[in-house]
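Data first, discussion second: the structure below is written as structure tokens.
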Amino acid sequence: MKPSFEYKEFLAELRRTGVTVLRSVIPADVITTISVAVDRERERLEQTNRAALYKINMSLLASPGHPGFLCPLNYPFCHEEIITAPRLSGVLAAYLGSDFYLHEYVVNISLARGTTAQHVHLDQENDGLGTVGVVCNFPLSFTGPHNGMTKMWLGSQDSPERDLETLNNLYTPFQPTLYPGDVMIRDLGLLHQGTPNPDIKDRNLLALVYKPERQKLGDEVRGDIPQSVWNSWNARQQAVMRRHQRVEANEVYAQPYSVPDAM
Ligand SMILES: O=C(O)CCC(=O)C(=O)O
């Protein structure tokens with residue numbers, strides 16, 4: 001897909017700084033429905049697998065205030081308004097190639113009255129051939145510095161630097177304000193950090209990781225799609241979600257998100 005003029009501005013920003021924000025991409029009712037489903041799935045995990053939900057990886061992220069889980073690949077999570085949102089898909093196709101695919105679909109929680117930040121980290125290093133992917137963050141409520149929105153350092157893609165003072169000198173720190181319906185696209189190589197959430201409410205951020213076709217990480221794609229749900233999708237949505245396994249079961253549920261012990 002040839003990028004239109006509108007995409008080019010966002011594309012240029014994403015390439016230069018490692019992050020860009022598209023405003024009002026997802027209808028409010030879709031976000032509300034997903035938000036209710038996130039709360040329901042979290043409650044289910046708290047009842048069935050609480051230890052895994054709140055297990056903290058101390059070597060990598062080291063923040064008890066930032067749990068997360070894999071969302072089930074059904075409705076409303078995989079609503080077509082999210083997976084095939086036209087403006088978002090346009091930027092993703094231009095950045096990753098039109099045959100990009102969904103790799104991971106999680107919710108990142110920043111717990112209310114949080115006091116801990118994540119280590120500064122990147123999600124995956126780029127490999128010399130270009131980007132290895134992006135994460136698309138969809139806030140489920142208004143978010144910004146007041147409730148622990150993620151902090152990033154603009155232009156810090158693949159930097160080995162981790163010292164906060166040096167990072168603040170070398171790169172511009174960025175902690176955006178996002179509204180439900182907005183989406184932030186961040187290169188996986190950009191340095192970032194989950195920050196404490198001083199608010200009285202938890203902050204939920206969907207994180208959908210998309211990868212270019214050349215990054216075939218088949219074994220690492222987790223989560224099943226009920227065949228009946230798959231059958232209801234249009235060809236574009238099926239193409240984007242092609243790497244996940246399809247199963248006969250009609251119901252699928254959230255799973256604990258376990259990150260590797262060292263990186
Ligand atoms: O929850 C956040 O603000 C950031 C989470 C994140 O980016 C991560 O866990 O890698």
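Ordering of the structure tokens sets the chain letters (A, B, ...), residue numbers begin anew at 1 in every chain, and ligands are numbered from 1 in the order given.
Assigned to strand (DSSP E or B) in stretch 65-148 of chain A, given DSSP computed from backbone atoms, are A:Gly68, A:Phe69, A:Leu70, A:Tyr101, A:Leu102, A:His103, A:Glu104, A:Tyr105, A:Val106, A:Val107, A:Asn108, A:Ile109, A:Ser110, A:His121, A:Val134, A:Val135, A:Cys136, A:Asn137, A:Phe138, A:Pro139, A:Thr143.
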For the selection you just gave me, I'd like the residues written to a file as a compact mmCIF listing (two decimals), in the first residue's frame, keeping C-alpha atoms.
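Saved result, selection_7.txt, follows:
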```txt
# COMPACT_ATOMS: atom_id res chain seq x y z
CA GLY A 68 -0.34 -7.80 32.61
CA PHE A 69 -2.01 -10.69 30.81
CA LEU A 70 -2.63 -12.10 27.36
CA TYR A 101 0.85 -9.78 11.34
CA LEU A 102 -0.35 -9.70 14.95
CA HIS A 103 2.20 -11.30 17.24
CA GLU A 104 0.86 -10.61 20.73
CA TYR A 105 -2.23 -9.09 22.31
CA VAL A 106 -1.87 -8.15 25.97
CA VAL A 107 -3.16 -5.68 28.53
CA ASN A 108 -0.58 -3.76 30.57
CA ILE A 109 -1.86 -2.68 33.98
CA SER A 110 -0.33 0.07 36.09
CA HIS A 121 14.16 -1.38 28.68
CA VAL A 134 5.89 -2.20 16.87
CA VAL A 135 3.59 -2.18 19.84
CA CYS A 136 0.26 -0.38 19.46
CA ASN A 137 -1.01 0.97 22.79
CA PHE A 138 -4.73 1.64 23.16
CA PRO A 139 -5.59 3.35 26.49
CA THR A 143 -3.99 8.42 30.69
```
> Once you count only C-alpha atoms and all ligand atoms, which residues end up within 7 Å of ligand 1, and could you hand them over as a count of residues only?
Replying inline: 14
> Hey, what's within 9 Å of A:Asp224 if we count only C-alpha atoms and toss same-chain stuff fewer than 5 positions away? As a PyMOL selection string, please?
Replying inline: chain A and resi 72-74+244-247+252
Okay, now the selection with N, CA and C atoms, as a JSON list (two decimals), in the first residue's frame?
```
[["chain", "number", "residue", "atom", "x", "y", "z"],
["A", 72, "PRO", "N", -7.81, -12.82, 25.47],
["A", 72, "PRO", "CA", -8.34, -13.89, 24.61],
["A", 72, "PRO", "C", -8.63, -13.36, 23.21],
["A", 73, "LEU", "N", -8.36, -14.20, 22.21],
["A", 73, "LEU", "CA", -8.51, -13.73, 20.81],
["A", 73, "LEU", "C", -9.94, -14.00, 20.34],
["A", 74, "ASN", "N", -10.86, -13.27, 20.94],
["A", 74, "ASN", "CA", -12.27, -13.40, 20.58],
["A", 74, "ASN", "C", -12.89, -12.01, 20.60],
["A", 244, "HIS", "N", -1.78, -17.18, 14.51],
["A", 244, "HIS", "CA", -2.32, -17.83, 15.72],
["A", 244, "HIS", "C", -3.07, -19.10, 15.33],
["A", 245, "GLN", "N", -3.00, -20.04, 16.26],
["A", 245, "GLN", "CA", -3.64, -21.34, 16.02],
["A", 245, "GLN", "C", -5.16, -21.22, 16.15],
["A", 246, "ARG", "N", -5.87, -21.96, 15.29],
["A", 246, "ARG", "CA", -7.34, -21.97, 15.40],
["A", 246, "ARG", "C", -7.79, -23.28, 16.05],
["A", 247, "VAL", "N", -8.79, -23.17, 16.92],
["A", 247, "VAL", "CA", -9.25, -24.34, 17.68],
["A", 247, "VAL", "C", -10.76, -24.47, 17.58],
["A", 252, "VAL", "N", -12.44, -19.01, 24.60],
["A", 252, "VAL", "CA", -11.03, -18.92, 25.00],
["A", 252, "VAL", "C", -10.94, -17.83, 26.08]]
```
>> Please list as a list in words every residue within 9 Å of A:Leu14, counting only C-alpha atoms and excluding residues in the same chain fewer than 6 positions away.
In response: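 Listed by chain and then number, they are Thr20, Val21, Tyr95, Ile185, Arg186 and Asp187 of chain A.
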Against stretch 155-167 of chain A, which residues of stretch 183-224 of chain A fall within 8 Å? For each one I want the closest pair of atoms and the distance in Å (one decimal), counting only C-alpha atoms, rows by chain and increasing residue number, as CSV.
```
residue,atom,partner,partner_atom,distance
A:Asp187,CA,A:Gln157,CA,7.6
A:Gly189,CA,A:Gln157,CA,4.8
A:Leu190,CA,A:Gln157,CA,4.2
A:Leu191,CA,A:Ser156,CA,5.9
```
Keeping only C-alpha atoms, write those residues as an mmCIF file, in the first residue's frame.
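This went into part30.cif:
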```
data_model
loop_
_atom_site.group_PDB
_atom_site.id
_atom_site.type_symbol
_atom_site.label_atom_id
_atom_site.label_comp_id
_atom_site.auth_asym_id
_atom_site.auth_seq_id
_atom_site.Cartn_x
_atom_site.Cartn_y
_atom_site.Cartn_z
ATOM 1 C CA ASP A 187 8.943 0.798 17.743
ATOM 2 C CA GLY A 189 13.533 -0.956 19.863
ATOM 3 C CA LEU A 190 12.612 2.285 21.655
ATOM 4 C CA LEU A 191 13.739 2.632 25.283
#
```
> Could you state the separation of atom CA of A:Gln175 and atom CA of A:Ile26 in Å, given to one decimal place?
Replying inline: 21.0 Å
> Quick one: DSSP helix (DSSP H, G or I) residues in stretch 114-246 of chain A, as a ChimeraX atom specification?
Replying inline: /A:145-147,164-170,218-220,227-231,235-240
Those same residues, written as a tab-separated table (two decimals), in the first residue's frame with N, CA and C atoms?
```tsv
chain	number	residue	atom	x	y	z
A	145	PRO	N	0.81	11.48	32.56
A	145	PRO	CA	1.71	11.42	33.72
A	145	PRO	C	0.95	11.26	35.05
A	146	HIS	N	-0.32	11.71	35.09
A	146	HIS	CA	-1.08	11.64	36.36
A	146	HIS	C	-1.42	10.21	36.77
A	147	ASN	N	-1.41	9.27	35.83
A	147	ASN	CA	-1.74	7.89	36.22
A	147	ASN	C	-0.79	6.85	35.61
A	164	LEU	N	19.31	6.92	33.84
A	164	LEU	CA	18.25	7.91	33.62
A	164	LEU	C	18.79	9.30	33.32
A	165	GLU	N	19.80	9.71	34.09
A	165	GLU	CA	20.31	11.07	33.89
A	165	GLU	C	20.93	11.20	32.50
A	166	THR	N	21.69	10.19	32.11
A	166	THR	CA	22.32	10.25	30.78
A	166	THR	C	21.25	10.22	29.69
A	167	LEU	N	20.24	9.37	29.88
A	167	LEU	CA	19.16	9.30	28.88
A	167	LEU	C	18.47	10.66	28.73
A	168	ASN	N	18.21	11.30	29.88
A	168	ASN	CA	17.53	12.60	29.83
A	168	ASN	C	18.39	13.66	29.16
A	169	ASN	N	19.72	13.50	29.21
A	169	ASN	CA	20.60	14.44	28.52
A	169	ASN	C	20.68	14.15	27.03
A	170	LEU	N	20.66	12.87	26.69
A	170	LEU	CA	20.86	12.48	25.29
A	170	LEU	C	19.59	12.58	24.45
A	218	GLY	N	6.92	-18.01	14.82
A	218	GLY	CA	5.74	-18.86	14.96
A	218	GLY	C	5.57	-19.46	16.34
A	219	ASP	N	6.65	-20.00	16.90
A	219	ASP	CA	6.55	-20.70	18.17
A	219	ASP	C	6.19	-19.75	19.31
A	220	GLU	N	6.53	-18.49	19.15
A	220	GLU	CA	6.31	-17.55	20.25
A	220	GLU	C	4.93	-16.89	20.19
A	227	GLN	N	-12.40	-21.34	15.99
A	227	GLN	CA	-12.67	-21.40	14.54
A	227	GLN	C	-13.93	-20.60	14.17
A	228	SER	N	-14.93	-20.65	15.06
A	228	SER	CA	-16.19	-19.93	14.76
A	228	SER	C	-15.96	-18.42	14.73
A	229	VAL	N	-15.07	-17.94	15.58
A	229	VAL	CA	-14.74	-16.50	15.59
A	229	VAL	C	-13.97	-16.16	14.32
A	230	TRP	N	-13.00	-17.00	14.00
A	230	TRP	CA	-12.19	-16.80	12.78
A	230	TRP	C	-13.10	-16.73	11.55
A	231	ASN	N	-14.08	-17.63	11.48
A	231	ASN	CA	-14.96	-17.69	10.30
A	231	ASN	C	-15.75	-16.39	10.13
A	235	ALA	N	-11.45	-11.09	5.19
A	235	ALA	CA	-10.17	-11.64	4.73
A	235	ALA	C	-8.98	-10.84	5.29
A	236	ARG	N	-9.14	-9.53	5.43
A	236	ARG	CA	-8.03	-8.70	5.90
A	236	ARG	C	-7.70	-9.05	7.35
A	237	GLN	N	-8.75	-9.19	8.17
A	237	GLN	CA	-8.53	-9.51	9.59
A	237	GLN	C	-7.90	-10.91	9.73
A	238	GLN	N	-8.38	-11.84	8.91
A	238	GLN	CA	-7.80	-13.19	8.95
A	238	GLN	C	-6.31	-13.14	8.57
A	239	ALA	N	-5.99	-12.29	7.59
A	239	ALA	CA	-4.58	-12.20	7.15
A	239	ALA	C	-3.71	-11.65	8.29
A	240	VAL	N	-4.19	-10.63	8.99
A	240	VAL	CA	-3.41	-10.00	10.06
A	240	VAL	C	-3.21	-11.00	11.22
```
> Which one is closest to A:Arg40: A:Met241, A:Thr131, A:Pro76, A:Pro86? Count only C-alpha atoms.
Replying inline: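 For A:Arg40, the nearest of the given residues is A:Pro76.
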>> Let me make sure I understand: among A:Asp202, A:Pro196, A:Leu92, A:Phe77, which one has the smallest atom-to-atom distance to A:Thr32 if we use only C-alpha atoms?
In response: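 Looking at the shortest contact to A:Thr32, the residue is A:Phe77.
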>> From the options A:Val19, A:Leu178, A:Val209, A:Leu188, which residue's atoms come nearest to A:Gln124, counting only C-alpha atoms?
In response: A:Leu188
>> Residues near A:Arg113, anyone? I mean within 6 Å using only C-alpha atoms, not counting same-chain ones fewer than 2 positions away, as an NGL selection string.
In response: :A and (197-200)
>> Considering only C-alpha atoms, can you say which of A:Ala117, A:Ile56, A:Leu140, A:Leu96 comes closest to A:Asp39?
In response: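 Nearest to A:Asp39: A:Leu140.
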